[in-house]
Amino acid sequence: MKLLLNLGLAKIALILSILLSIIYPLRVLNKKLYDNRSKILNTINERLRKHHKKIGIALILTGLIHGIYSSKTILSFNLGTITWIVSVMLGLNFIIRKKFSNSKPWMYYHRILTLIFLMLMLIHILVVKI
C-alpha cells in the first residue's frame, strides 16, 4: 500500500508540475503562432492562471507526502528533497515578490526557479527509474 501511495502521489505531482509550468509556453505559443487569437489556448491559459496558486500549493503538499512515503528520509540530501525545496522556493518567491527591485522583477526569478525545478524533477525521475 505504501508503494502504491508513493507512486500515485509521484504521478499526481508530475501532472501538477506540468499544469503549472505550461502557462508561459502556451502564452508565447499563442502570441507567436496565432497572434493571441486562439480561443482554445486563451481559455486553457486563463483557467490555469486562475488556479495557479492552488495548484502550486497542491504540488508542495503532494510532494511532501510523496517524500514522507518514499524509501529515503524526507530531510536527507537527495534529488527528491532538493526538488521539493525548489518548489517551496517558488512559492516563497511569489510571497516576497514585492521585495524584488524593479531591475529584475520577481517573475524573472520565478521562471529561472521553474526551469531549475523542472530539470531537477526530470533528473529525479530518471534516477529513480534506473
# chains A, B, ... in the order shown; residues from 1 in each chain; ligands from 1

$ residues_around --residues "A:Ile44" --least-positions-apart "3" --cutoff "10 Å" --atoms "only C-alpha atoms" --output "ChimeraX atom specification"
/A:22-23,26-27,39-41,47-50

$ residues_around --residues "A:Leu115" --least-positions-apart "2" --cutoff "12 Å" --atoms "only C-alpha atoms" --output "PyMOL selection string"
chain A and resi 17-18+20-22+24+83+86-87+90+108-113+117-122

$ closest_residue --among "A:Arg37, A:Leu5, A:Ile123, A:Leu19" --to "A:Asn78" --atoms "only C-alpha atoms"
A:Ile123

$ residues_around --residues "stretch 67-71 of chain A" --least-positions-apart "5" --cutoff "8 Å" --atoms "only C-alpha atoms" --output "number ranges by chain"
A: 2-3, 5-6, 80-81

$ closest_residue --among "A:Met107, A:Thr43, A:Lys99, A:Ala10" --to "A:Trp84" --atoms "only C-alpha atoms"
A:Ala10
